[in-house]
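Just below is one structure, and these are the notes that go with it.
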Amino acid sequence: MTDHVAPGRSSKRILLRSPKDPFQVASPRTVLDKNLIGTNAGNLVFLQAAWMILDAPGVELTPDRLRVSAGLADEINERYDAYVIPLANAFRPSFEPILIRMTRLIERLRIPVVILGVGAQATLAYETERLRAMEPSVRAFVGAVLDRAPSIGVRGELTLDYLTGLGFRDVEVVGCPSMFLWGRDLRVEKRVERLEADAKIALNVSPYVKAMGPIVRSTVARYPNLAYIPQDLPTLQLLLWGESEQAAATVSDIPTHSSHPLFQENRVRFYVEPWPWIADLRTFDFSFGTRIHGNIASLLAGTPAYVFAHDSRTLELVRYFNIPHRPMVDVPPDVDPADLYEEADYGPLVAGHAARFEVFTAFLERHGLAHVFVPPGDGGRAFDERVARTSYPPAIDVASTVAHPGSPAARLRRLRYRLAETARSPRIRGARVAVLRRVARLTGRSRPAGDDAGPAVDD
């Protein structure tokens with residue numbers, strides 16, 4: 001495949017699937033309001049890593065802001081030379097409507113389309129029966145991509161077998177771009193001989209993995225310096241806007257409510273940008289839990305991490321990269337992080353990294369994509385320097401919010417937030433504008449008060 005460069009254009013313009021530019025700094029409230037983490041802060045780790053890798057001389061990157069519509073095809077064909085789409089577990093039933101919209105858009109594109117890692121969602125045993133009903137959508141998507149690219153990049157062995165089972169041959173395992181943020185070099189070292197009671201530990205939890213409940217309970221009691229790093233949008237909302245009195249009174253070992261000890265003791269840290277997240281993890285001794293990118297962020301910080309693989313999307317990635325892990329079914333409820341730390345061997349991860357990096361960059365080059373790790377690229381130095389000069393929001397914790405979640409002040413904040421959310425609804429806003437226009441006619445005003453195109457809440 002040859003580069004597609006529009007006549008008279010000196011640089012290659014790439015449209016990249018991402019909610020925003022890495023240097024577009026937004027307040028936590030704006031991140032929540034506009035969902036700039038794509039519902040999960042872990043997405044930013046691999047999306048912004050992809051940006052850094054492709055930010056080579058002569059390349060101009062633009063985020064697509066997660067807009068997917070066939071109606072955008074003409075504009076994309078005119079303005080860009082390639083469309084790069086990093087994905088996570090996109091082959092899952094709940095993502096099918098978006099996958100269909102992506103397919104309709106791609107079918108109208110005349111430029112190369114590069115899938116920079118996609119995964120299928122299956123069980124730990126790699127059973128894909130639940131994907132059978134969406135096979136036509138997957139076939140259409142992959143077929144449309146392969147009409148515009150020499151191959152499709154997948155995250156691991158399960159997705160490779162799944163797509164080859166559907167009859168596709170041009171499928172390559174490339175892992176996830178997040179692991180190549182530092183190029184061919186990756187250093188992960190145990191900084192202490194053993195985790196003692198005062199160890200600084202980062203915990204990550206997928207709230208829907210209920211088996212994590214007793215693990216959280218035993219670990220929180222055992223390690224007073226443990227911090228919980230959530231990634232989901234509801235927890236960000238809880239920290240910023242509080243919760244209902246009923247939700248605040250929830251009794252559960254999963255930290256999804258403000259009465260949980262992790263909230264009560266101000267041991268929750270939420271990051272809306274990957275760079276402060278990675279930087280802070282350098283000060284920790286260990287990270288563990290079910291979140292694949294929460295633990296990859298730790299590895300990128302050079303801090304040992306251990307993954308509890310609870311489905312195929314996490315399992316195929318940890319297997320490909322040789323990240324220390326256990327299947328969730330093999331994790332006892334009273335597991336001690338000190339035992340995980342002692343068990344973990346980072347030798348295979350580090351020793352095999354350069355070879356996996358070569359596979360990844362060869363994939364980019366076959367698809368006509370320049371990257372920062374070959375001349376005249378600088379290995380990402382300019383990007384890193386720009387990150388260092390940028391002031392990103394620090395971690396959000398309970399103490400940094402206006403009022404403790406569950407308090408009367410927090411409930412008032414949440415009520416205001418809900419009202420603002422309701423006002424942003426097209427149906428409600430349309431009715432409101434209609435009423436205001438009627439009032440304007442009755443009062444003789446030329447323009448109804450409040451009839452504007454701006455957001456209900458301006459941050």
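Residue numbering restarts at 1 in every chain; chains get A, B, ... in the order shown in the structure tokens, and ligands count up from 1 in that same order.
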Would you mind listing, for every residue of stretch 167-241 of chain A within 9 Å of stretch 290-299 of chain A, the two atoms forming the shortest contact and the distance between them in Å to one decimal, using only C-alpha atoms, sorted by chain and ascending residue number, as a Markdown table?
| residue | atom | partner | partner_atom | distance |
| --- | --- | --- | --- | --- |
| A:Ser178 | CA | A:Ile296 | CA | 7.5 |
| A:Met179 | CA | A:Ile296 | CA | 7.0 |
| A:Leu186 | CA | A:Leu299 | CA | 8.2 |
| A:Arg187 | CA | A:Leu299 | CA | 7.9 |
| A:Val188 | CA | A:Leu299 | CA | 6.2 |
| A:Ala202 | CA | A:Ser298 | CA | 8.7 |
| A:Leu203 | CA | A:Gly294 | CA | 8.7 |
| A:Asn204 | CA | A:Arg291 | CA | 5.8 |
| A:Val205 | CA | A:Thr290 | CA | 5.4 |
| A:Ser206 | CA | A:Thr290 | CA | 5.9 |
| A:Val209 | CA | A:Thr290 | CA | 8.1 |
| A:Met212 | CA | A:Thr290 | CA | 8.3 |
| A:Ile229 | CA | A:Gly294 | CA | 7.8 |
| A:Pro230 | CA | A:Gly294 | CA | 8.5 |
| A:Gln231 | CA | A:Gly294 | CA | 7.9 |
Taking the DSSP assignment computed from this structure's backbone, write out as a PDB file with N, CA and C atoms, in the first residue's frame all residues of stretch 150-228 of chain A that belong to helix (DSSP H, G or I).
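Written output follows (out.pdb):
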ATOM      1  N   GLU A 157      -4.154 -13.728  20.623  1.00  0.00           N
ATOM      2  CA  GLU A 157      -4.392 -15.037  20.017  1.00  0.00           C
ATOM      3  C   GLU A 157      -5.872 -15.352  19.829  1.00  0.00           C
ATOM      4  N   LEU A 158      -6.700 -14.985  20.800  1.00  0.00           N
ATOM      5  CA  LEU A 158      -8.125 -15.287  20.692  1.00  0.00           C
ATOM      6  C   LEU A 158      -8.734 -14.599  19.482  1.00  0.00           C
ATOM      7  N   THR A 159      -8.432 -13.322  19.307  1.00  0.00           N
ATOM      8  CA  THR A 159      -9.016 -12.570  18.187  1.00  0.00           C
ATOM      9  C   THR A 159      -8.462 -13.053  16.854  1.00  0.00           C
ATOM     10  N   LEU A 160      -7.183 -13.427  16.837  1.00  0.00           N
ATOM     11  CA  LEU A 160      -6.601 -14.014  15.621  1.00  0.00           C
ATOM     12  C   LEU A 160      -7.367 -15.272  15.226  1.00  0.00           C
ATOM     13  N   ASP A 161      -7.565 -16.192  16.166  1.00  0.00           N
ATOM     14  CA  ASP A 161      -8.276 -17.437  15.871  1.00  0.00           C
ATOM     15  C   ASP A 161      -9.729 -17.178  15.488  1.00  0.00           C
ATOM     16  N   TYR A 162     -10.343 -16.207  16.145  1.00  0.00           N
ATOM     17  CA  TYR A 162     -11.737 -15.881  15.853  1.00  0.00           C
ATOM     18  C   TYR A 162     -11.898 -15.403  14.416  1.00  0.00           C
ATOM     19  N   LEU A 163     -11.042 -14.471  13.986  1.00  0.00           N
ATOM     20  CA  LEU A 163     -11.175 -13.933  12.631  1.00  0.00           C
ATOM     21  C   LEU A 163     -10.746 -14.929  11.558  1.00  0.00           C
ATOM     22  N   THR A 164      -9.717 -15.709  11.840  1.00  0.00           N
ATOM     23  CA  THR A 164      -9.336 -16.736  10.854  1.00  0.00           C
ATOM     24  C   THR A 164     -10.449 -17.781  10.745  1.00  0.00           C
ATOM     25  N   GLY A 165     -11.153 -18.033  11.859  1.00  0.00           N
ATOM     26  CA  GLY A 165     -12.287 -18.949  11.821  1.00  0.00           C
ATOM     27  C   GLY A 165     -13.436 -18.421  10.981  1.00  0.00           C
ATOM     28  N   PRO A 177      -1.083  -0.622  21.411  1.00  0.00           N
ATOM     29  CA  PRO A 177      -0.077   0.451  21.310  1.00  0.00           C
ATOM     30  C   PRO A 177       0.374   0.998  22.655  1.00  0.00           C
ATOM     31  N   SER A 178      -0.427   0.836  23.699  1.00  0.00           N
ATOM     32  CA  SER A 178      -0.055   1.364  25.012  1.00  0.00           C
ATOM     33  C   SER A 178       1.287   0.810  25.488  1.00  0.00           C
ATOM     34  N   MET A 179       1.564  -0.445  25.200  1.00  0.00           N
ATOM     35  CA  MET A 179       2.788  -1.072  25.692  1.00  0.00           C
ATOM     36  C   MET A 179       4.038  -0.552  24.990  1.00  0.00           C
ATOM     37  N   PHE A 180       3.866   0.188  23.889  1.00  0.00           N
ATOM     38  CA  PHE A 180       5.016   0.675  23.125  1.00  0.00           C
ATOM     39  C   PHE A 180       5.214   2.180  23.291  1.00  0.00           C
ATOM     40  N   MET A 212     -14.141  -9.620  43.057  1.00  0.00           N
ATOM     41  CA  MET A 212     -13.139  -8.722  43.637  1.00  0.00           C
ATOM     42  C   MET A 212     -13.552  -8.213  45.020  1.00  0.00           C
ATOM     43  N   GLY A 213     -14.836  -8.358  45.384  1.00  0.00           N
ATOM     44  CA  GLY A 213     -15.317  -7.825  46.651  1.00  0.00           C
ATOM     45  C   GLY A 213     -14.531  -8.278  47.866  1.00  0.00           C
ATOM     46  N   PRO A 214     -14.453  -9.584  48.125  1.00  0.00           N
ATOM     47  CA  PRO A 214     -13.693 -10.032  49.299  1.00  0.00           C
ATOM     48  C   PRO A 214     -12.206  -9.739  49.200  1.00  0.00           C
ATOM     49  N   ILE A 215     -11.678  -9.689  47.992  1.00  0.00           N
ATOM     50  CA  ILE A 215     -10.261  -9.358  47.813  1.00  0.00           C
ATOM     51  C   ILE A 215     -10.017  -7.910  48.245  1.00  0.00           C
ATOM     52  N   VAL A 216     -10.925  -7.027  47.828  1.00  0.00           N
ATOM     53  CA  VAL A 216     -10.817  -5.624  48.236  1.00  0.00           C
ATOM     54  C   VAL A 216     -10.899  -5.515  49.758  1.00  0.00           C
ATOM     55  N   ARG A 217     -11.873  -6.204  50.347  1.00  0.00           N
ATOM     56  CA  ARG A 217     -12.076  -6.104  51.795  1.00  0.00           C
ATOM     57  C   ARG A 217     -10.817  -6.538  52.559  1.00  0.00           C
ATOM     58  N   SER A 218     -10.239  -7.678  52.209  1.00  0.00           N
ATOM     59  CA  SER A 218      -9.080  -8.174  52.946  1.00  0.00           C
ATOM     60  C   SER A 218      -7.845  -7.326  52.705  1.00  0.00           C
ATOM     61  N   THR A 219      -7.696  -6.817  51.487  1.00  0.00           N
ATOM     62  CA  THR A 219      -6.486  -6.046  51.152  1.00  0.00           C
ATOM     63  C   THR A 219      -6.517  -4.661  51.776  1.00  0.00           C
ATOM     64  N   VAL A 220      -7.688  -4.025  51.765  1.00  0.00           N
ATOM     65  CA  VAL A 220      -7.818  -2.687  52.351  1.00  0.00           C
ATOM     66  C   VAL A 220      -7.473  -2.723  53.831  1.00  0.00           C
ATOM     67  N   ALA A 221      -7.905  -3.771  54.511  1.00  0.00           N
ATOM     68  CA  ALA A 221      -7.617  -3.889  55.943  1.00  0.00           C
ATOM     69  C   ALA A 221      -6.145  -4.182  56.208  1.00  0.00           C
ATOM     70  N   ARG A 222      -5.513  -4.883  55.286  1.00  0.00           N
ATOM     71  CA  ARG A 222      -4.137  -5.348  55.497  1.00  0.00           C
ATOM     72  C   ARG A 222      -3.098  -4.275  55.164  1.00  0.00           C
TER      73      ARG A 222
END
Item checked: Contact residues around A:Ala73 with only C-alpha atoms at 12 Å, ignoring same-chain residues under 3 positions, as a PyMOL selection string -> chain A and resi 15+64+67-70+76-80+83+101-111
Keeping only C-alpha atoms, write the selected residues to a file as a PDB file, in the first residue's frame.
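See part_16.pdb below for the written result:
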ATOM      1  CA  LEU A  15      -7.408  11.216  11.376  1.00  0.00           C
ATOM      2  CA  ASP A  64     -12.029  12.257  15.315  1.00  0.00           C
ATOM      3  CA  ARG A  67     -17.659  10.783  15.860  1.00  0.00           C
ATOM      4  CA  VAL A  68     -18.849   7.918  13.656  1.00  0.00           C
ATOM      5  CA  SER A  69     -21.210   8.673  10.779  1.00  0.00           C
ATOM      6  CA  ALA A  70     -21.282   7.758   7.098  1.00  0.00           C
ATOM      7  CA  ILE A  76     -12.659  12.706   5.647  1.00  0.00           C
ATOM      8  CA  ASN A  77     -11.772  11.752   2.064  1.00  0.00           C
ATOM      9  CA  GLU A  78     -11.070  15.382   1.248  1.00  0.00           C
ATOM     10  CA  ARG A  79      -9.098  16.355   4.348  1.00  0.00           C
ATOM     11  CA  TYR A  80      -7.123  13.255   5.368  1.00  0.00           C
ATOM     12  CA  TYR A  83      -7.756   6.979   9.135  1.00  0.00           C
ATOM     13  CA  ARG A 101     -21.828   2.666  11.943  1.00  0.00           C
ATOM     14  CA  MET A 102     -18.050   2.364  11.571  1.00  0.00           C
ATOM     15  CA  THR A 103     -18.530  -0.094   8.724  1.00  0.00           C
ATOM     16  CA  ARG A 104     -20.916   2.203   6.888  1.00  0.00           C
ATOM     17  CA  LEU A 105     -18.403   5.033   7.210  1.00  0.00           C
ATOM     18  CA  ILE A 106     -15.406   2.939   6.144  1.00  0.00           C
ATOM     19  CA  GLU A 107     -17.270   1.606   3.096  1.00  0.00           C
ATOM     20  CA  ARG A 108     -17.494   5.177   1.807  1.00  0.00           C
ATOM     21  CA  LEU A 109     -13.828   6.023   2.393  1.00  0.00           C
ATOM     22  CA  ARG A 110     -11.277   6.169  -0.412  1.00  0.00           C
ATOM     23  CA  ILE A 111      -8.261   6.490   1.928  1.00  0.00           C
TER      24      ILE A 111
END
Next item on the list: Do a neighbour search on A:Glu172 at 9 Å with only C-alpha atoms, toss out local chain neighbours closer than 2 positions, and write the hits as a list in words.
Entry: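 Surrounding residues, per the criterion: Gly117, Ser151, Ile152, Gly153, Val154, Arg155, Gly156, Leu160, Arg169, Asp170, Val174 and Phe363 of chain A.
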How about saving the chosen residues, N, CA and C atoms kept, as a PDB file, in the first residue's frame?
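To be explicit, this is the file written out as again.pdb:
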ATOM      1  N   GLY A 117      -5.091  -2.589  16.427  1.00  0.00           N
ATOM      2  CA  GLY A 117      -5.350  -3.470  17.557  1.00  0.00           C
ATOM      3  C   GLY A 117      -6.833  -3.505  17.890  1.00  0.00           C
ATOM      4  N   SER A 151      -3.791  -5.588   5.901  1.00  0.00           N
ATOM      5  CA  SER A 151      -4.114  -6.521   6.984  1.00  0.00           C
ATOM      6  C   SER A 151      -4.870  -5.768   8.071  1.00  0.00           C
ATOM      7  N   ILE A 152      -5.335  -6.502   9.065  1.00  0.00           N
ATOM      8  CA  ILE A 152      -5.979  -5.903  10.229  1.00  0.00           C
ATOM      9  C   ILE A 152      -5.201  -6.325  11.466  1.00  0.00           C
ATOM     10  N   GLY A 153      -4.920  -5.380  12.352  1.00  0.00           N
ATOM     11  CA  GLY A 153      -4.146  -5.666  13.562  1.00  0.00           C
ATOM     12  C   GLY A 153      -5.056  -6.029  14.713  1.00  0.00           C
ATOM     13  N   VAL A 154      -4.790  -7.173  15.369  1.00  0.00           N
ATOM     14  CA  VAL A 154      -5.601  -7.608  16.500  1.00  0.00           C
ATOM     15  C   VAL A 154      -4.738  -7.686  17.747  1.00  0.00           C
ATOM     16  N   ARG A 155      -5.390  -7.793  18.900  1.00  0.00           N
ATOM     17  CA  ARG A 155      -4.679  -7.667  20.174  1.00  0.00           C
ATOM     18  C   ARG A 155      -4.037  -8.956  20.654  1.00  0.00           C
ATOM     19  N   GLY A 156      -4.529 -10.116  20.202  1.00  0.00           N
ATOM     20  CA  GLY A 156      -3.963 -11.346  20.722  1.00  0.00           C
ATOM     21  C   GLY A 156      -4.476 -12.587  20.028  1.00  0.00           C
ATOM     22  N   LEU A 160      -7.183 -13.427  16.837  1.00  0.00           N
ATOM     23  CA  LEU A 160      -6.601 -14.014  15.621  1.00  0.00           C
ATOM     24  C   LEU A 160      -7.367 -15.272  15.226  1.00  0.00           C
ATOM     25  N   ARG A 169      -7.731 -14.116   6.352  1.00  0.00           N
ATOM     26  CA  ARG A 169      -6.333 -14.566   6.423  1.00  0.00           C
ATOM     27  C   ARG A 169      -5.352 -13.428   6.725  1.00  0.00           C
ATOM     28  N   ASP A 170      -5.689 -12.218   6.359  1.00  0.00           N
ATOM     29  CA  ASP A 170      -4.769 -11.091   6.540  1.00  0.00           C
ATOM     30  C   ASP A 170      -4.980 -10.466   7.925  1.00  0.00           C
ATOM     31  N   VAL A 174      -0.773  -7.675  16.937  1.00  0.00           N
ATOM     32  CA  VAL A 174       0.123  -6.541  17.208  1.00  0.00           C
ATOM     33  C   VAL A 174       0.062  -6.092  18.661  1.00  0.00           C
ATOM     34  N   PHE A 363       4.328  -3.544  11.313  1.00  0.00           N
ATOM     35  CA  PHE A 363       2.922  -3.420  10.922  1.00  0.00           C
ATOM     36  C   PHE A 363       2.626  -1.985  10.489  1.00  0.00           C
TER      37      PHE A 363
END
Margin query: Among stretch 38-183 of chain A, which residues does DSSP mark as strand (DSSP E or B) when it is run on the backbone? Keep the chain and numbering as in the structure and answer as a VMD selection string.
Written below: chain A and resid 40 59 to 63 82 to 85 91 113 to 116 120 152 to 154 171 to 173
Notebook entry, point to check: Can you list, as number ranges by chain, every protein, DNA or RNA residue that comes within 10 Å of A:Asp198 when you count only C-alpha atoms, leaving out same-chain residues fewer than 4 positions away?
Noted result: A: 222-226
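The spacing separating atom CA of A:Val318 from atom CA of A:Thr235 amounts to 25.8 Å.
Closest approach to A:Asp330 from the set A:Val307, A:Ile37, A:Val374, A:Ala49 is made by A:Val307, with distances taken over only C-alpha atoms.
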Next item on the list: Counting only C-alpha atoms, figure out which residue out of A:Asp339, A:Ile254, A:Arg381, A:Arg184 gets nearest to A:Val359.
Entry: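 Between A:Asp339, A:Ile254, A:Arg381, A:Arg184, the residue approaching A:Val359 most closely is A:Arg184.
All residues of protein, DNA or RNA that reach within 10 Å of A:Gly352, judged by only C-alpha atoms and not counting those fewer than 5 positions away in the chain, are Arg184, Leu186, Tyr320, Phe321, Asn322, Gly347 and Phe357 of chain A.
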Take the residues that were just selected and, keeping C-alpha atoms, output them as a PDB file, in the first residue's frame.
ATOM      1  CA  ARG A 184      11.699  -0.816  22.320  1.00  0.00           C
ATOM      2  CA  LEU A 186      10.684  -1.262  28.849  1.00  0.00           C
ATOM      3  CA  TYR A 320       0.929 -11.852  24.417  1.00  0.00           C
ATOM      4  CA  PHE A 321       3.018  -9.468  26.505  1.00  0.00           C
ATOM      5  CA  ASN A 322       3.956 -11.986  29.229  1.00  0.00           C
ATOM      6  CA  GLY A 347      11.941 -11.293  32.934  1.00  0.00           C
ATOM      7  CA  PHE A 357       8.040  -3.816  19.301  1.00  0.00           C
TER       8      PHE A 357
END
Do you know which residues are at most 7 Å from A:Ala301 counting only C-alpha atoms, after dropping those on the same chain fewer than 4 positions away, and could you put them as a PDB file with C-alpha atoms, in the first residue's frame?
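Contents of selection.pdb, as written:
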ATOM      1  CA  ILE A 278       1.814   7.211  35.085  1.00  0.00           C
ATOM      2  CA  ALA A 279       3.957   9.748  36.936  1.00  0.00           C
ATOM      3  CA  LEU A 281       2.521   5.291  39.790  1.00  0.00           C
ATOM      4  CA  ARG A 282       6.297   5.676  39.795  1.00  0.00           C
ATOM      5  CA  ALA A 297       0.029   2.305  33.269  1.00  0.00           C
TER       6      ALA A 297
END
